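Undergrad: This is the content of start-v3.csv (CSV, C-alpha atoms):
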```csv
chain,number,residue,atom,x,y,z
E,1,MET,CA,0.0,0.0,0.0
E,2,ASN,CA,1.5,3.3,-1.1
E,3,ILE,CA,-1.1,5.6,0.6
E,4,SER,CA,-2.0,5.7,4.2
E,5,THR,CA,-4.7,7.8,5.8
E,6,ALA,CA,-5.7,9.0,9.2
E,7,TYR,CA,-8.8,11.0,10.0
E,8,THR,CA,-9.1,13.3,13.0
E,9,GLU,CA,-12.8,13.8,14.0
E,10,SER,CA,-12.3,16.8,16.2
E,11,SER,CA,-10.7,18.9,13.4
E,12,LYS,CA,-12.3,17.1,10.5
E,13,THR,CA,-8.9,16.6,9.0
E,14,MET,CA,-7.9,13.9,6.6
E,15,ASN,CA,-4.1,13.1,6.6
E,16,ILE,CA,-3.0,11.3,3.5
E,17,THR,CA,0.6,10.1,3.5
E,18,VAL,CA,2.2,9.2,0.2
E,19,HIS,CA,4.9,6.5,0.2
E,20,GLY,CA,7.3,6.0,-2.6
E,21,ARG,CA,6.4,7.1,-6.1
E,22,PHE,CA,3.4,9.5,-6.6
E,23,ASP,CA,2.6,8.5,-10.2
E,24,PHE,CA,0.0,7.0,-12.4
E,25,LYS,CA,0.0,3.7,-10.6
E,26,MET,CA,-1.4,5.4,-7.5
E,27,VAL,CA,-4.4,7.1,-9.2
E,28,ASN,CA,-7.1,4.7,-7.8
E,29,GLU,CA,-5.5,4.4,-4.4
E,30,PHE,CA,-5.3,8.1,-4.0
E,31,ARG,CA,-8.8,8.7,-5.2
E,32,GLU,CA,-10.1,6.1,-2.7
E,33,ALA,CA,-8.1,7.9,0.1
E,34,TYR,CA,-9.9,11.2,-0.4
E,35,GLY,CA,-13.2,9.9,-1.8
E,36,ASN,CA,-14.5,8.4,1.4
E,37,LYS,CA,-17.7,10.3,2.1
E,38,ASN,CA,-18.3,8.7,5.5
E,39,ASN,CA,-16.3,11.4,7.3
E,40,PRO,CA,-16.9,15.1,6.7
E,41,VAL,CA,-13.6,16.7,5.8
E,42,LYS,CA,-12.7,20.4,6.2
E,43,ASN,CA,-8.9,20.0,5.9
E,44,PHE,CA,-6.8,17.7,3.8
E,45,ILE,CA,-3.1,17.3,4.6
E,46,ILE,CA,-1.1,15.5,1.9
E,47,ASP,CA,2.2,14.4,3.5
E,48,PHE,CA,5.0,13.8,1.2
E,49,ARG,CA,7.5,12.8,3.9
E,50,GLU,CA,7.8,9.2,2.5
E,51,ALA,CA,7.5,10.2,-1.1
E,52,ASP,CA,10.6,10.1,-3.3
E,53,TYR,CA,9.2,10.8,-6.8
E,54,MET,CA,6.3,12.7,-8.4
E,55,ASP,CA,5.5,13.2,-12.1
E,56,SER,CA,2.7,14.9,-14.0
E,57,SER,CA,0.2,12.2,-13.0
E,58,GLY,CA,0.8,13.2,-9.4
E,59,LEU,CA,0.1,16.8,-10.3
E,60,GLY,CA,-3.1,15.7,-12.0
E,61,MET,CA,-4.2,13.8,-9.0
E,62,LEU,CA,-3.7,16.8,-6.8
E,63,LEU,CA,-5.8,18.9,-9.2
E,64,ASN,CA,-8.5,16.3,-9.3
E,65,LEU,CA,-8.7,16.4,-5.5
E,66,LYS,CA,-9.0,20.2,-5.6
E,67,ARG,CA,-11.8,19.9,-8.1
E,68,GLN,CA,-13.7,17.3,-6.0
E,69,VAL,CA,-13.8,19.3,-2.8
E,70,ASP,CA,-15.8,22.4,-1.8
E,71,ASP,CA,-14.0,25.8,-2.0
E,72,ASN,CA,-14.0,26.1,1.8
E,73,VAL,CA,-12.0,22.9,2.2
E,74,SER,CA,-8.2,23.5,2.7
E,75,ILE,CA,-5.6,21.4,1.1
E,76,THR,CA,-2.0,21.5,2.5
E,77,LEU,CA,1.0,19.8,0.9
E,78,THR,CA,3.6,19.1,3.6
E,79,ASN,CA,7.0,17.6,4.1
E,80,CYS,CA,8.0,17.8,0.4
E,81,LYS,CA,11.5,16.8,-0.4
E,82,PRO,CA,13.4,19.4,-2.5
E,83,GLN,CA,12.8,17.7,-5.9
E,84,ILE,CA,9.1,17.4,-5.2
E,85,LYS,CA,8.8,20.9,-3.9
E,86,LYS,CA,10.6,22.2,-7.0
E,87,ILE,CA,8.1,20.4,-9.3
E,88,LEU,CA,5.2,21.9,-7.3
E,89,LEU,CA,6.7,25.5,-7.4
E,90,VAL,CA,7.6,25.3,-11.1
E,91,SER,CA,4.0,24.2,-11.8
E,92,ARG,CA,2.8,27.1,-9.7
E,93,PHE,CA,0.9,24.9,-7.4
E,94,ASP,CA,1.7,27.4,-4.6
E,95,LYS,CA,-1.2,29.5,-6.1
E,96,LYS,CA,-3.7,26.6,-5.6
E,97,PHE,CA,-2.4,24.9,-2.5
E,98,THR,CA,-0.7,25.7,0.7
E,99,ILE,CA,2.8,24.2,0.6
E,100,GLN,CA,4.7,23.8,3.8
```
Could I get this file's structure written as structure tokens?

TA:
Amino acid sequence: MNISTAYTESSKTMNITVHGRFDFKMVNEFREAYGNKNNPVKNFIIDFREADYMDSSGLGMLLNLKRQVDDNVSITLTNCKPQIKKILLVSRFDKKFTIQ
């Protein structure tokens, strides 16, 4: 499993941790991680601490998440390694997401 999730009821926060490669092979698994409608979510935290690679498919998955949630839901990308953060910044994802 390349995605792990943890939901915090009190803050309505879904933490999604990416392990390994964030690429096309993870599309369904990532979609399942944020698509669970059983828990109301106000904050998504996508943790890249364990990720070592991201390609354009990864960028597309993040954009799909952004399109699927309401405008009042925050999405934060955290713990990005330098090569992943560079891809996000070159792609101007800092205009659409909070990057920490």

Undergrad: One decimal, Å: what's the distance from CA of Leu89 (chain E) over to CA of Phe48 (chain E), could you say?

TA: 14.6 Å

Undergrad: Rounded to one decimal place, report the CA of Lys96 (chain E)-CA of Tyr34 (chain E) distance in Å.

TA: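 Separating CA of Lys96 (chain E) from CA of Tyr34 (chain E) is a distance of 17.4 Å.
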
Undergrad: Could you please determine the separation between CA of Ile84 (chain E) and CA of Ala51 (chain E) in Å, to one decimal place?

TA: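 So the answer is 8.4 Å.
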
Undergrad: Using only C-alpha atoms, determine which residues lie at most 10 Å from region 52-66 of chain E, disregarding the query and same-chain residues fewer than 4 positions distant; provide the list as JSON, numbers by chain.

TA: {"E": [18, 19, 20, 21, 22, 23, 24, 25, 26, 27, 28, 30, 31, 34, 35, 44, 46, 48, 70, 71, 73, 74, 75, 77, 80, 81, 82, 83, 84, 85, 87, 88, 91, 93, 96, 97]}

Undergrad: Which is closest to Glu29 (chain E) among E:Ile99, E:Thr17, E:Asn72, E:Ser10, if we use all atoms listed in the file?

TA: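 Looking at the shortest contact to Glu29 (chain E), the residue is E:Thr17.
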
Undergrad: Using all atoms listed in the file, which protein or nucleic acid residues come within 7 Å of Gln100 (chain E)? Drop anything in the same chain fewer than 2 positions from it, and give the result as a PyMOL selection string.

TA: chain E and resi 77-79+98

Undergrad: Could you pull the residues within 12 Å of Asn39 (chain E), counting only C-alpha atoms, minus those fewer than 3 positions along the same chain, as a ChimeraX atom specification?

TA: /E:6-14,33-36,42-44

Undergrad: Could region 18-29 of chain E be completed with all heavy atoms and written as a short mmCIF file (atom, residue, chain, number, x, y, z; two decimals), keeping the file's coordinate frame, please?

TA:
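Output file rebuild27.cif is given in full below:
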```
data_model
loop_
_atom_site.label_atom_id
_atom_site.label_comp_id
_atom_site.auth_asym_id
_atom_site.auth_seq_id
_atom_site.Cartn_x
_atom_site.Cartn_y
_atom_site.Cartn_z
N VAL E 18 1.79 9.85 1.41
CA VAL E 18 2.20 9.20 0.20
C VAL E 18 3.55 8.49 0.44
O VAL E 18 4.47 9.10 0.99
CB VAL E 18 2.39 10.23 -0.96
CG1 VAL E 18 2.88 9.56 -2.23
CG2 VAL E 18 1.09 10.97 -1.21
N HIS E 19 3.64 7.24 0.07
CA HIS E 19 4.90 6.50 0.20
C HIS E 19 5.42 6.10 -1.15
O HIS E 19 4.69 5.60 -2.00
CB HIS E 19 4.57 5.15 1.00
CG HIS E 19 3.96 5.38 2.33
ND1 HIS E 19 4.69 5.56 3.48
CD2 HIS E 19 2.66 5.47 2.72
CE1 HIS E 19 3.88 5.74 4.51
NE2 HIS E 19 2.63 5.69 4.06
N GLY E 20 6.70 6.35 -1.37
CA GLY E 20 7.30 6.00 -2.60
C GLY E 20 7.01 6.91 -3.77
O GLY E 20 7.07 8.12 -3.63
N ARG E 21 6.61 6.34 -4.88
CA ARG E 21 6.40 7.10 -6.10
C ARG E 21 4.91 7.58 -6.18
O ARG E 21 3.99 6.78 -6.08
CB ARG E 21 6.68 6.24 -7.32
CG ARG E 21 8.14 5.81 -7.40
CD ARG E 21 8.37 4.81 -8.51
NE ARG E 21 8.08 5.37 -9.83
CZ ARG E 21 8.97 5.98 -10.60
NH1 ARG E 21 10.21 6.12 -10.19
NH2 ARG E 21 8.62 6.44 -11.77
N PHE E 22 4.73 8.88 -6.39
CA PHE E 22 3.40 9.50 -6.60
C PHE E 22 3.21 9.62 -8.08
O PHE E 22 3.50 10.66 -8.66
CB PHE E 22 3.31 10.79 -5.83
CG PHE E 22 1.91 11.31 -5.69
CD1 PHE E 22 0.87 10.52 -5.23
CD2 PHE E 22 1.63 12.63 -5.98
CE1 PHE E 22 -0.42 11.02 -5.08
CE2 PHE E 22 0.35 13.15 -5.83
CZ PHE E 22 -0.66 12.35 -5.39
N ASP E 23 2.76 8.54 -8.72
CA ASP E 23 2.60 8.50 -10.20
C ASP E 23 1.35 7.83 -10.60
O ASP E 23 0.49 7.54 -9.76
CB ASP E 23 3.86 7.89 -10.83
CG ASP E 23 4.10 6.45 -10.40
OD1 ASP E 23 3.20 5.83 -9.80
OD2 ASP E 23 5.20 5.94 -10.66
N PHE E 24 1.21 7.56 -11.88
CA PHE E 24 0.00 7.00 -12.40
C PHE E 24 -0.50 5.75 -11.76
O PHE E 24 -1.70 5.52 -11.65
CB PHE E 24 0.16 6.78 -13.95
CG PHE E 24 -1.09 6.32 -14.63
CD1 PHE E 24 -2.12 7.20 -14.88
CD2 PHE E 24 -1.25 4.99 -15.00
CE1 PHE E 24 -3.29 6.79 -15.50
CE2 PHE E 24 -2.40 4.56 -15.62
CZ PHE E 24 -3.43 5.46 -15.87
N LYS E 25 0.39 4.94 -11.28
CA LYS E 25 0.00 3.70 -10.60
C LYS E 25 -0.76 3.91 -9.34
O LYS E 25 -1.40 2.99 -8.84
CB LYS E 25 1.26 2.85 -10.35
CG LYS E 25 1.95 2.37 -11.61
CD LYS E 25 3.21 1.62 -11.28
CE LYS E 25 3.94 1.26 -12.56
NZ LYS E 25 5.25 0.66 -12.30
N MET E 26 -0.73 5.12 -8.81
CA MET E 26 -1.40 5.40 -7.50
C MET E 26 -2.75 6.11 -7.71
O MET E 26 -3.38 6.47 -6.71
CB MET E 26 -0.49 6.25 -6.65
CG MET E 26 0.74 5.48 -6.22
SD MET E 26 1.81 6.44 -5.16
CE MET E 26 0.79 6.59 -3.71
N VAL E 27 -3.20 6.30 -8.92
CA VAL E 27 -4.40 7.10 -9.20
C VAL E 27 -5.60 6.52 -8.38
O VAL E 27 -6.26 7.27 -7.64
CB VAL E 27 -4.75 7.13 -10.68
CG1 VAL E 27 -6.14 7.70 -10.92
CG2 VAL E 27 -3.72 7.95 -11.43
N ASN E 28 -5.92 5.26 -8.52
CA ASN E 28 -7.10 4.70 -7.80
C ASN E 28 -6.95 4.72 -6.33
O ASN E 28 -7.89 5.04 -5.61
CB ASN E 28 -7.37 3.28 -8.33
CG ASN E 28 -7.85 3.27 -9.76
OD1 ASN E 28 -8.49 4.22 -10.21
ND2 ASN E 28 -7.53 2.23 -10.49
N GLU E 29 -5.77 4.38 -5.85
CA GLU E 29 -5.50 4.40 -4.40
C GLU E 29 -5.66 5.76 -3.80
O GLU E 29 -6.26 5.94 -2.74
CB GLU E 29 -4.14 3.79 -4.14
CG GLU E 29 -3.88 3.46 -2.71
CD GLU E 29 -2.54 2.77 -2.50
OE1 GLU E 29 -1.86 2.40 -3.48
OE2 GLU E 29 -2.19 2.59 -1.33
#
```
